[in-house]
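**Student:** Before I ask anything, here is the structure I am working with.
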Amino acid sequence: MSVAAAAVAAAEENARHVFDMRAIANRYAALLQLCDPRRPAAESRARTVHAHMITSGFSPKSHILNRLIDIYCKSANVNYAKKLFDEIPHTDVVARTSLIAAYSASRKPKLAREIFDSTPLRFRDTVMYNAMITCYSHNNDGHAAIRLFNSMRAVHLWPDYFTFSSVLAALALIADQEKHCGQLHSSVIKSGANRATSVVNALISVYVKCASSPFVLSSSLLESARKLFDEMSVKDELTWTTIITGYVKNDDLDAAKEIFDGINEKFVVAWNAMISGYVHKGRFQEALELLRKMYLSGIKLDEFTFTNILSACADAGLFHHGKQLHAYIVKTEPTFGGEFSVSVINALITLYWKCGQVDEACKVFEKAEFRDIISWNTVISAYVSRGKINEAKSFFDRMPEKNSLTWTVMISGFAQNGFGEEGLKVFNQMRLNGIEQCDYAFAGAITSCAVLADLKHGTQLHAQLLQLGFDSSLSAGNALITMYARCGDLEAAESLFFTMPFIDSISWNAMIAALGQHGRGAQALSLFKEMLGEQIVPDRVSFLIVLSACAHAGLVEEGRDLFHSMSENFGMTPGEDHYAVLVDLLCRAGKLSEAKSVIDSMPFEPGAPIWEALLAGCRNHRNVDLGVQAAEHLFNLIPQHDGTYILLSNMFSNSGHWDEAAKVRKLMRERGVKKEPACSWIEVENKVHVFLVDDTIHPEMVAIYSYLKELGQRMRKLGYVPDTRYVLHDMESEQKEYALSTHSEKLAVVYGLLKLPPGATIRVYKNLRICGDCHNAFKFMSMAENRVIIVRDVKRFHHFRNGECSCGNYW
DNA sequence: CTAGGGTTAG
């Protein structure tokens with residue numbers, strides 16, 4: 001026999017073997033198919049087949065094992081199924097789903113969730129989600145079920161009938177309704193028999209709830225509800241309200257109004273539902289109109305009416321209307337101030353807060369006879385949002401009982417106002433008090449780390465977050481992007497952004513801002529374009545971020561185009577902040593006259609930020625005439641603002657106008673303006689440290705940022721005012737140049753860093769002997785040449801008196 | 001069936 005023939009024979013034998021094995025596998029699979037888990041003895045039959053496989057030396061492929069897992073699960077033999085599951089490398093989605101269902105049945109939602117989480121996103125399907133949602137519903141965790149249900153949209157999974165019924169069961173848990181409204185749904189649909197008003201009401205409510213889910217784009221569910229509604233002979237109050245809110249939730253206010261108008265004897269709840277619809281959709285004027293009609297028709301306004309309208313006034317800034325209503329309530333409601341009206345009190349607090357009257361809001365709180373936890377939280381939020389962090393903290397401390405929301409507000413309040421250490425302290429206290437830490441609380445703590453540029457702590461929090469299973473949290477993820485970026489780890493920020501399972505427009509904004517702050521203007525711009533390609537609608541902040549990225553990177557053309565496309569292509573009117581960035585962008589590029597003509601052509605009166613940008617530009621590019629104009633406007637707008645004096649005096653000295661500079665300084669002394677410019681030196685331990693740098697996060701600066709925190713603490717110990725003017729010293733080499741490309745406001749304010757024009761470099765000098773004023777002049781002259789100087793180890797400046805320095809001034 | 005408090009981006 002030739003070699004070739006032998007080879008052919010071997011191949012045939014092999015093929016036959018493969019074929020045999022396949023045949024055997026098929027027979028096993030068929031046998032297992034016969035074990036119907038719904039029938040008795042399915043498990044023992046499956047076990048027999050399984051044992052046969054083992055003794056005959058057949059090693060089953062995944063699909064057979066998966067089938068076995070399925071059978072064991074459905075026979076309530078979870079542990080055995082889990083053992084198999086752990087042994088085989090490829091479990092399919094069916095087996096996994098069975099396992100989830102089995103754990104659900106044995107009341108182990110945590111284990112079920114483990115299986116769910118271990119399944120890669122792309123393998124999860126609707127059935128698996130259904131199993132997990134059902135698991136939560138069965139185990140009385142309605143909120144988790146609904147959370148999971150809501151997350152389906154982000155992975156583009158379409159809910160089916162089972163999803164709806166399980167989530168309805170969950171809804172029932174939360175709203176404390178009939179427990180089995182899901183089953184009610186199906187049974188009524190199938191039988192079509194029961195026509196009692198209450199049953200049909202429930203069914204309509206089921207339809208409306210499903211129709212309001214974010215997935216359902218077709219109006220057929222709502223139409224079904226409407227059909228049922230139209231066919232009903234006896235309608236009660238519930239029927240009317242359900243269908244009205246159904247239309248409201250589906251953004252069809254006109255249809256809702258039509259139904260509402262059809263009610264002969266309108267009752268309070270219907271009025272309230274309609275008004276609330278208008279309020280929620282931002283149609284405040286119509287809400288007020290309806291209130292007027294309600295009042296005129298003699299219906300008694302109740303608690304819900306008041307809170308609805310007050311919230312409309314708060315959101316629309318209709319302070320006058322709100323205040324009127326307040327007076328009306330006090331006058332006409334004898335029960336006002338009683339326990340039942342806590343919600344009205346809370347709405348009033350919100351009204352005064354949102355209309356900028358925080359003290360008035362506080363008065364309402366203090367005067368109120370009854371308060372609940374929401375009242376406290378609202379007052380704290382009010383103070384936090386107005387930067388009155390001390391007041392917020394004292395309320396926080398006074399609170400008799402706090403919930404997780406209270407803690408979260410306080411943590412992020414500290415973080416937002418730049419008090420990172422305090423934010424972390426509260427976060428730790430929250431943990432010590434055993435309060436469950438939600439991802440919002442983590443977001444606040446992470447922002448605190450961003451403020452402190454504490455990469456180490458931030459990374460730790462990230463790890464804890466993953467441990468707790470918050471890996472898909474949007475708020476925490478977005479905070480992490482910013483934290484990593486601000487700590488200089490742009491790569492970490494990027495990889496997080498690209499691996500987050502769900503992202504929203506804030507994630508995009510955060511990432512674009514991160515690139516901008518790192519001087520990567522072009523990348524920021526292209527990411528912005530990518531965002532548009534993903535059909536994400538940019539908001540006002542997006543434009544602010546991307547414009548400022550352009551300003552930092554000197555992308556004048558691009559910035560200008562963006563600014564114009566904002567109104568032309570996106571239908572947004574640029575606000576004062578956008579104009580300020582545009583002016584800033586032009587000023588940095590030295591296009592001062594163009595900046596001025598932008599200001600002149602603005603559709604509204606330019607405010608302080610705009611003139612300040614222009615003045616800063618004039619300082620950097622030595623345009624005294626224009627700078628003086630800008631300063632005049634600033635003095636008119638904000639006479640008490642120290643920054644104007646400082647900018648002005650720096651502009652004069654920068655351009656060699658020494659007399660004028662001296663005059664401004666004299667004025668400053670008279671007015672008690674603090675001499676320290678934002679970029680001054682600070683004395684620590686007998687050394688003078690001057691740190692001048694823009695806020696670009698340069699890799700070499702990362703060490704500096706974490707050092708700032710330590711230095712700040714040391715300053716406190718030494719009795720220095722721990723304001724924002726942190727400093728740097730200890731640069732390694734004596735003379736070093738850092739290429740810096742960008743510049744922006746926020747970190748400069750936080751850290752007391754200085755603004756620089758694009759492409760600036762830093763130079764470090766040692767033992768430079770000049771007086772303070774000359775130092776400033778020197779500094780700003782250098783800035784004009786794109787140079788910044790770091791001076792260190794300078795002996796006390798006031799040792800240099802008249803005559804010692806070439807300028808003849810003394811400090 | 002209707003109302004009041006939170007997070008993340010600049």
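Going through the structure tokens in order, the chains are called A, B, and so on, while each chain numbers its residues from 1 and the ligands are numbered from 1 in the order shown.
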Excluding same-chain residues fewer than 2 positions from DT8 (chain B), what lies within 10 Å of it counting only C-alpha atoms (C1' of nucleotides), as a list in words?

**Tutor:**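 Close residues of DT8 (chain B): Tyr440, Ala443, Gly444, Thr447, Ser473, Leu474, Ser475, Ala476, Gly477, Asn478, Ala479, Leu480, Ile481, Thr482, Asp504, Ile506, Ser507 and Ala510 of chain A.
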
**Student:** Please produce an output containing C-alpha atoms for each residue in the selection, written as an mmCIF file, in the first residue's frame.

**Tutor:**
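Final output, selection.cif:
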data_model
loop_
_atom_site.group_PDB
_atom_site.id
_atom_site.type_symbol
_atom_site.label_atom_id
_atom_site.label_comp_id
_atom_site.auth_asym_id
_atom_site.auth_seq_id
_atom_site.Cartn_x
_atom_site.Cartn_y
_atom_site.Cartn_z
ATOM 1 C CA TYR A 440 -23.012 59.613 43.912
ATOM 2 C CA ALA A 443 -18.406 60.841 42.710
ATOM 3 C CA GLY A 444 -18.120 63.584 45.300
ATOM 4 C CA THR A 447 -13.995 65.129 42.772
ATOM 5 C CA SER A 473 -21.807 54.192 37.221
ATOM 6 C CA LEU A 474 -22.009 57.283 35.088
ATOM 7 C CA SER A 475 -21.535 59.898 37.767
ATOM 8 C CA ALA A 476 -18.531 58.177 39.318
ATOM 9 C CA GLY A 477 -17.037 57.391 35.916
ATOM 10 C CA ASN A 478 -17.340 60.977 34.774
ATOM 11 C CA ALA A 479 -15.788 62.212 37.994
ATOM 12 C CA LEU A 480 -12.941 59.725 37.512
ATOM 13 C CA ILE A 481 -12.200 61.019 34.026
ATOM 14 C CA THR A 482 -11.745 64.500 35.429
ATOM 15 C CA ASP A 504 -23.386 60.311 28.247
ATOM 16 C CA ILE A 506 -21.101 64.731 30.282
ATOM 17 C CA SER A 507 -18.548 61.966 29.741
ATOM 18 C CA ALA A 510 -15.219 65.696 30.560
#

**Student:** Please list as a ChimeraX atom specification every residue within 10 Å of region 1-4 of chain B, counting only C-alpha atoms (C1' of nucleotides) and excluding residues in the same chain fewer than 2 positions away.

**Tutor:** /A:205,237-246,268-277,303-311,342-350,374-375,378

**Student:** DSSP on the backbone, then: every residue of region 398-584 of chain A marked alpha helix (DSSP H), written as number ranges by chain.

**Tutor:** A: 398, 404-416, 420-432, 439-452, 455-467, 474-486, 490-499, 505-517, 521-533, 540-553, 556-568, 576-584

**Student:** Distance CA of Phe604 (chain A)-CA of Leu648 (chain A), one decimal place?

**Tutor:**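 Straight-line distance from CA of Phe604 (chain A) to CA of Leu648 (chain A) works out to 24.8 Å.
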
**Student:** As a list in words, please: the residues near Asp92 (chain A) (cut-off 9 Å, only C-alpha atoms (C1' of nucleotides), same-chain neighbours under 2 positions excluded).

**Tutor:**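 Answer for this query is Ser62, His63, Asn66, His90, Val94, Ala95, Arg96, Thr97 and Phe123 of chain A.
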
**Student:** For Tyr247 (chain A), work out the shell of residues within 9 Å, counting only C-alpha atoms (C1' of nucleotides) and skipping chain neighbours fewer than 4 positions away, then give it as a ChimeraX atom specification.

**Tutor:** /A:208,212,222,242-243,251-257

**Student:** I'd like the contact shell of Gly434 (chain A) - 12 Å cut-off, only C-alpha atoms (C1' of nucleotides), skipping same-chain residues fewer than 6 positions apart - returned as a list of chain:residue names.

**Tutor:** A:Lys402, A:Asn403, A:Ser404, A:Trp407, A:Phe427, A:Asn428

**Student:** So that I can see what lies close to region 315-319 of chain A, please list as a VMD selection string the residues with an atom at most 12 Å from it, counting only C-alpha atoms (C1' of nucleotides) and leaving out residues fewer than 5 positions away in the same chain.

**Tutor:** chain A and resid 279 to 285 287 to 288 308 to 310 324 to 326 347 to 348 350 to 357

**Student:** In Å to one decimal, how far is CA of Ala608 (chain A) from CA of Leu637 (chain A)?

**Tutor:**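 Interatomic distance here is 6.5 Å.
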
**Student:** Quick one: everything within 10 Å of Arg398 (chain A), counting only C-alpha atoms (C1' of nucleotides), minus sequence neighbours fewer than 5 positions away in the same chain. Send it as a PyMOL selection string.

**Tutor:** chain A and resi 376+392-393

**Student:** With N, CA and C atoms retained, write the just-selected residues as an mmCIF file, in the first residue's frame.

**Tutor:**
data_model
loop_
_atom_site.group_PDB
_atom_site.id
_atom_site.type_symbol
_atom_site.label_atom_id
_atom_site.label_comp_id
_atom_site.auth_asym_id
_atom_site.auth_seq_id
_atom_site.Cartn_x
_atom_site.Cartn_y
_atom_site.Cartn_z
ATOM 1 N N TRP A 376 -34.289 69.877 55.318
ATOM 2 C CA TRP A 376 -32.879 70.037 55.673
ATOM 3 C C TRP A 376 -31.988 69.921 54.440
ATOM 4 N N ALA A 392 -23.656 75.733 55.165
ATOM 5 C CA ALA A 392 -24.125 74.383 54.823
ATOM 6 C C ALA A 392 -23.642 73.382 55.871
ATOM 7 N N LYS A 393 -22.369 73.520 56.226
ATOM 8 C CA LYS A 393 -21.795 72.558 57.171
ATOM 9 C C LYS A 393 -22.467 72.664 58.542
#

**Student:** From the set A:Gly413, A:Gly57, A:Gly142, A:Gly656, which residue has the shortest atom-to-atom contact distance to DT7 (chain B), counting only C-alpha atoms (C1' of nucleotides)?

**Tutor:** A:Gly413

**Student:** For each of A:Ala81, A:Met21, A:Met410, A:Thr163, take the minimum atom-to-atom distance to DG6 (chain B), counting only C-alpha atoms (C1' of nucleotides), then give the residue where this is smallest.

**Tutor:**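 Among the listed residues, A:Met410 lies closest to DG6 (chain B).
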